[in-house]
Amino acid sequence: MLPARYHTQVVIAATFVLALLLAVYPLPLSWRWWRPEFVVMVAIYWIFTLPLRTSLILLILLGLFQDLLEGVPFGQHGLALVIVAYICLLSYQRVRNYSLWKQSCWVFVLVGIAQLTDNWVQAMSGRPLSGIMFLYPAFASACFWPICYLWLEAVRRRYRIA
Amino acid sequence: MIALIFISIYTNWLTPVRQQLSVLAVPFYQLTDIPHRLDVWRQNTFVSRRELALENETLKTELLIHQRKLQQMAALAAENVRLRQLMNATDILQDSVLVAELIGVSPNPLSHTVVINRGANEGVFEGQPLLDAFGLMGQVIEVSEHSSRVLLISDATHALPVQVNRNGVRAIAEGTGDLNRLRLRHVSNTTDIREGDLLVSSGLGKRFPVGYPVAEVESVVRDPGQAFATVIARPMARLDRSRHVLLVFDSRDNTP
């Protein structure tokens, strides 16, 4: 058995790797707008559960790695993750006690903010603005949040992370 | 953070970093490609003998048709060379190609880029054109050791010089961010261009070789109130479907 602290980190890292895999999993082109932002969602979950152990530096590195993976300008996801993480850190005490569907609404707002920065960087690098479509991933994430939350809760209980 | 974004958009200081690090990204694309590989394996393994025989038959017929075309082609090519010699023009050399396979698609819906499984080790270089069986697909924008990233011609930041196959009218075909539409820039209202015209690469940008099919003109709107006609074309290449693609090694000197 691994030492407890180390063990926690491995499990958290594994969930993030899974989220990154889902983030680049090839989807049919007509579905591409509906891909939930898995990395942001997993980040939100871990910040809500372990707010005091979250490291913003590691989140930035995670975001940079996602940029590398998706081939977008460096910093796009990093910036989005940091902004979302900051808002989460300010609000976790309240949001943790919300019911699941209320949390979903909150996730919609948070992912929407992440999408906003993504869209801003994409617009700067010369791509056309997509109108209201940039909120589709936020909507998909909100719909997906209960499943994601319950699964991550199960993982957390299974490995006794607290 | 914002400074980093500006640096990576407006300068190319981070390009070497990205090239070195993109080795780390390849396993992710290979992993997410596994379901597809399994599917291909399933299709190849569990198939009835009758189906195979049928497929064999169709392929043979197709081969026969293509061979007939090729016979004509040999004669035409020889004639072309003779005529070019008469005109003292330089010969058109044959391009050599390398077959590659798509292993990933950009998850960002705004950018049309794909990842292929060939990289610097196989001689891929930045700016190299990519084709599928039907036409021009795009160009390589990022090379790492065993994979490279390709910008498709339909991306909103991509444009390439083309000409109409029928009469040689030149234009610039610009991506629109929609996979099935290219727009021709600055085509004057009196230009002879019609629906159904085939657009081929003109080779003027010195990036793409001459004469590969790019798109077919879908609609031409000539509005007298506008300075230019709106010409929409549909890419010939199956940008969203082709998995097996060809990287072209141009016989011209390709150093920029």
# chains A, B, ... in the order shown; residues from 1 in each chain; ligands from 1
$ residues_around --residues "Gly63 (chain A)" --least-positions-apart "4" --cutoff "9 Å" --atoms "only C-alpha atoms" --output "JSON, numbers by chain"
{"A": [39, 58, 59, 67, 68, 74, 75, 76, 77, 78, 79, 80, 81, 82]}
$ write_last_selection --atoms "C-alpha atoms" --output "JSON list (two decimals), in the first residue's frame"
[["chain", "number", "residue", "atom", "x", "y", "z"],
["A", 39, "VAL", "CA", -10.88, 18.93, -17.34],
["A", 58, "LEU", "CA", -0.28, 22.75, -10.75],
["A", 59, "LEU", "CA", -3.59, 23.79, -12.31],
["A", 67, "ASP", "CA", -3.05, 23.59, -24.64],
["A", 68, "LEU", "CA", -0.17, 21.49, -25.90],
["A", 74, "PHE", "CA", -0.16, 28.35, -24.80],
["A", 75, "GLY", "CA", -2.03, 29.76, -21.83],
["A", 76, "GLN", "CA", -5.57, 29.54, -23.16],
["A", 77, "HIS", "CA", -6.75, 26.72, -20.91],
["A", 78, "GLY", "CA", -4.29, 27.72, -18.20],
["A", 79, "LEU", "CA", -5.92, 31.13, -17.86],
["A", 80, "ALA", "CA", -9.42, 29.66, -17.93],
["A", 81, "LEU", "CA", -8.57, 27.10, -15.25],
["A", 82, "VAL", "CA", -7.00, 29.67, -12.95]]
$ residues_around --residues "Gly205 (chain B)" --least-positions-apart "3" --cutoff "10 Å" --atoms "only C-alpha atoms" --output "JSON, numbers by chain"
{"B": [159, 160, 161, 162, 172, 201, 202, 208, 209, 210]}
$ select_by_dssp --residues "region 57-198 of chain B" --states "strand (DSSP E)" --output "count of residues only"
50
$ closest_atom_pairs --of "chain A" --to "chain B" --cutoff "8 Å" --atoms "only C-alpha atoms" --output "CSV"
residue,atom,partner,partner_atom,distance
A:Leu21,CA,B:Phe28,CA,6.2
A:Ala23,CA,B:Pro107,CA,6.9
A:Val24,CA,B:Pro107,CA,5.4
A:Tyr25,CA,B:Thr32,CA,5.4
A:Pro26,CA,B:Val105,CA,5.9
A:Leu27,CA,B:Pro107,CA,7.9
A:Leu29,CA,B:Asp240,CA,7.2
A:Arg32,CA,B:Pro109,CA,5.7
A:Trp33,CA,B:Pro109,CA,6.1
A:Leu68,CA,B:Ser22,CA,6.6
A:Leu69,CA,B:Ala25,CA,5.2
A:Glu70,CA,B:Ser106,CA,6.0
A:Gly71,CA,B:Ser106,CA,7.6
A:Pro73,CA,B:Ser8,CA,5.5
A:Phe74,CA,B:Ile5,CA,5.7
A:Gly75,CA,B:Ile5,CA,5.1
A:Gln76,CA,B:Ile5,CA,6.6
A:Gly78,CA,B:Met1,CA,7.5
A:Leu79,CA,B:Met1,CA,6.2
A:Val121,CA,B:Ile5,CA,7.6
A:Gln122,CA,B:Leu110,CA,7.9
A:Met124,CA,B:Ile9,CA,7.7
A:Ser125,CA,B:Ile9,CA,6.1
A:Gly126,CA,B:Thr157,CA,6.4
A:Arg127,CA,B:Ala156,CA,5.8
A:Pro128,CA,B:Ala156,CA,6.9
A:Ser130,CA,B:Leu110,CA,7.8
$ select_by_dssp --residues "region 19-197 of chain B" --states "alpha helix (DSSP H)" --output "ChimeraX atom specification"
/B:19-45,49-86
$ write_last_selection --atoms "C-alpha atoms" --output "short mmCIF file (atom, residue, chain, number, x, y, z; two decimals), in the first residue's frame"
data_model
loop_
_atom_site.label_atom_id
_atom_site.label_comp_id
_atom_site.auth_asym_id
_atom_site.auth_seq_id
_atom_site.Cartn_x
_atom_site.Cartn_y
_atom_site.Cartn_z
CA GLN B 19 7.83 20.94 -30.90
CA GLN B 20 9.91 19.34 -28.17
CA LEU B 21 6.97 18.85 -25.83
CA SER B 22 4.48 17.57 -28.37
CA VAL B 23 6.13 14.15 -27.99
CA LEU B 24 4.24 14.04 -24.68
CA ALA B 25 0.93 14.58 -26.44
CA VAL B 26 1.26 11.70 -28.88
CA PRO B 27 0.40 8.89 -26.40
CA PHE B 28 -2.91 10.61 -25.68
CA TYR B 29 -3.88 10.59 -29.33
CA GLN B 30 -2.73 7.00 -29.71
CA LEU B 31 -4.81 5.97 -26.69
CA THR B 32 -7.95 7.68 -27.92
CA ASP B 33 -7.42 6.05 -31.30
CA ILE B 34 -7.58 2.54 -29.82
CA PRO B 35 -11.39 2.14 -30.09
CA HIS B 36 -11.18 2.93 -33.78
CA ARG B 37 -8.31 0.46 -34.23
CA LEU B 38 -10.33 -2.22 -32.49
CA ASP B 39 -13.21 -1.50 -34.82
CA VAL B 40 -10.97 -1.83 -37.87
CA TRP B 41 -9.56 -5.07 -36.46
CA ARG B 42 -13.10 -6.37 -35.88
CA GLN B 43 -14.10 -5.48 -39.42
CA ASN B 44 -11.06 -7.24 -40.82
CA THR B 45 -11.34 -10.34 -38.66
CA ARG B 49 -15.80 -15.18 -47.16
CA ARG B 50 -18.66 -14.17 -49.47
CA GLU B 51 -18.26 -10.50 -48.55
CA LEU B 52 -14.53 -10.69 -49.15
CA ALA B 53 -15.06 -12.28 -52.54
CA LEU B 54 -17.57 -9.57 -53.42
CA GLU B 55 -15.20 -6.82 -52.35
CA ASN B 56 -12.40 -8.46 -54.32
CA GLU B 57 -14.60 -8.47 -57.39
CA THR B 58 -15.48 -4.78 -57.13
CA LEU B 59 -11.88 -3.84 -56.52
CA LYS B 60 -10.78 -5.80 -59.60
CA THR B 61 -13.35 -4.02 -61.74
CA GLU B 62 -12.27 -0.67 -60.36
CA LEU B 63 -8.64 -1.51 -61.03
CA LEU B 64 -9.48 -2.38 -64.61
CA ILE B 65 -11.19 0.96 -65.14
CA HIS B 66 -8.29 2.85 -63.61
CA GLN B 67 -5.78 0.90 -65.68
CA ARG B 68 -7.59 1.85 -68.83
CA LYS B 69 -7.45 5.50 -67.79
CA LEU B 70 -3.78 5.10 -66.98
CA GLN B 71 -3.01 3.80 -70.48
CA GLN B 72 -4.42 6.97 -71.94
CA MET B 73 -2.61 8.94 -69.28
CA ALA B 74 0.80 7.56 -70.35
CA ALA B 75 0.22 8.67 -73.90
CA LEU B 76 -1.05 12.06 -72.75
CA ALA B 77 1.88 12.58 -70.42
CA ALA B 78 4.33 11.77 -73.21
CA GLU B 79 2.53 14.18 -75.49
CA ASN B 80 2.57 16.83 -72.78
CA VAL B 81 6.33 16.44 -72.36
CA ARG B 82 6.88 16.74 -76.12
CA LEU B 83 4.74 19.86 -76.35
CA ARG B 84 6.51 21.39 -73.37
CA GLN B 85 9.85 20.69 -75.00
CA LEU B 86 8.60 22.39 -78.15
#
$ residues_around --residues "Arg234 (chain B)" --least-positions-apart "2" --cutoff "10 Å" --atoms "only C-alpha atoms" --output "list in words"
Ser154, Asp178, Leu179, Asn180, Arg181, Leu182, Arg183, Gly196, Leu198, Leu199, Val214, Ala215, Glu216, Val217, Glu218, Ser219, Ile232, Met236 and Ala237 of chain B
$ atom_distance --atom1 "CA of Arg166 (chain B)" --atom2 "CA of Val231 (chain B)"
15.9 Å
$ residues_around --residues "Ser148 (chain B)" --least-positions-apart "3" --cutoff "8 Å" --atoms "only C-alpha atoms" --output "VMD selection string"
chain B and resid 115 to 119 124 140 to 145
$ write_last_selection --atoms "C-alpha atoms" --output "PDB file, in the first residue's frame"
ATOM      1  CA  VAL B 115      -2.995  14.958 -36.200  1.00  0.00           C
ATOM      2  CA  ILE B 116      -1.317  12.393 -38.448  1.00  0.00           C
ATOM      3  CA  ASN B 117       1.015   9.575 -37.516  1.00  0.00           C
ATOM      4  CA  ARG B 118       4.102  10.727 -39.463  1.00  0.00           C
ATOM      5  CA  GLY B 119       6.679  13.176 -38.231  1.00  0.00           C
ATOM      6  CA  VAL B 124       7.754  15.444 -42.889  1.00  0.00           C
ATOM      7  CA  VAL B 140       1.450  20.588 -42.102  1.00  0.00           C
ATOM      8  CA  ILE B 141       1.840  23.301 -39.471  1.00  0.00           C
ATOM      9  CA  GLU B 142       3.657  21.550 -36.664  1.00  0.00           C
ATOM     10  CA  VAL B 143       6.102  18.670 -36.834  1.00  0.00           C
ATOM     11  CA  SER B 144       7.243  16.529 -33.944  1.00  0.00           C
ATOM     12  CA  GLU B 145       9.198  13.309 -34.043  1.00  0.00           C
TER      13      GLU B 145
END
$ atom_distance --atom1 "CA of Met41 (chain A)" --atom2 "CA of Leu129 (chain A)"
23.9 Å
$ atom_distance --atom1 "CA of Arg170 (chain B)" --atom2 "CA of Gly127 (chain B)"
21.4 Å
$ residues_around --residues "Leu130 (chain B)" --least-positions-apart "5" --cutoff "6 Å" --atoms "only C-alpha atoms" --output "count of residues only"
5
$ residues_around --residues "Val95 (chain A)" --least-positions-apart "2" --cutoff "12 Å" --atoms "only C-alpha atoms" --output "tab-separated table (two decimals) with C-alpha atoms, in the first residue's frame"
chain	number	residue	atom	x	y	z
A	44	ILE	CA	-14.03	22.07	-10.01
A	45	TYR	CA	-14.82	18.83	-8.19
A	47	ILE	CA	-11.40	22.20	-5.57
A	48	PHE	CA	-14.80	21.81	-3.93
A	49	THR	CA	-13.69	18.69	-2.08
A	87	ILE	CA	-13.95	31.69	-8.22
A	88	CYS	CA	-14.33	28.17	-6.82
A	89	LEU	CA	-11.99	28.91	-3.95
A	90	LEU	CA	-14.02	32.00	-3.06
A	91	SER	CA	-17.32	30.16	-3.18
A	92	TYR	CA	-16.72	26.54	-2.21
A	93	GLN	CA	-18.17	26.84	1.29
A	97	ASN	CA	-23.98	22.51	0.34
A	98	TYR	CA	-26.11	23.06	-2.75
A	99	SER	CA	-28.25	20.30	-4.17
A	100	LEU	CA	-26.92	18.56	-7.23
A	101	TRP	CA	-29.01	20.42	-9.80
A	102	LYS	CA	-28.15	23.77	-8.21
A	103	GLN	CA	-24.50	22.79	-8.46
A	104	SER	CA	-25.14	22.02	-12.13
A	105	CYS	CA	-26.31	25.59	-12.67
A	106	TRP	CA	-23.19	26.83	-10.95
A	107	VAL	CA	-21.05	24.57	-13.17
A	110	LEU	CA	-18.12	28.42	-14.31
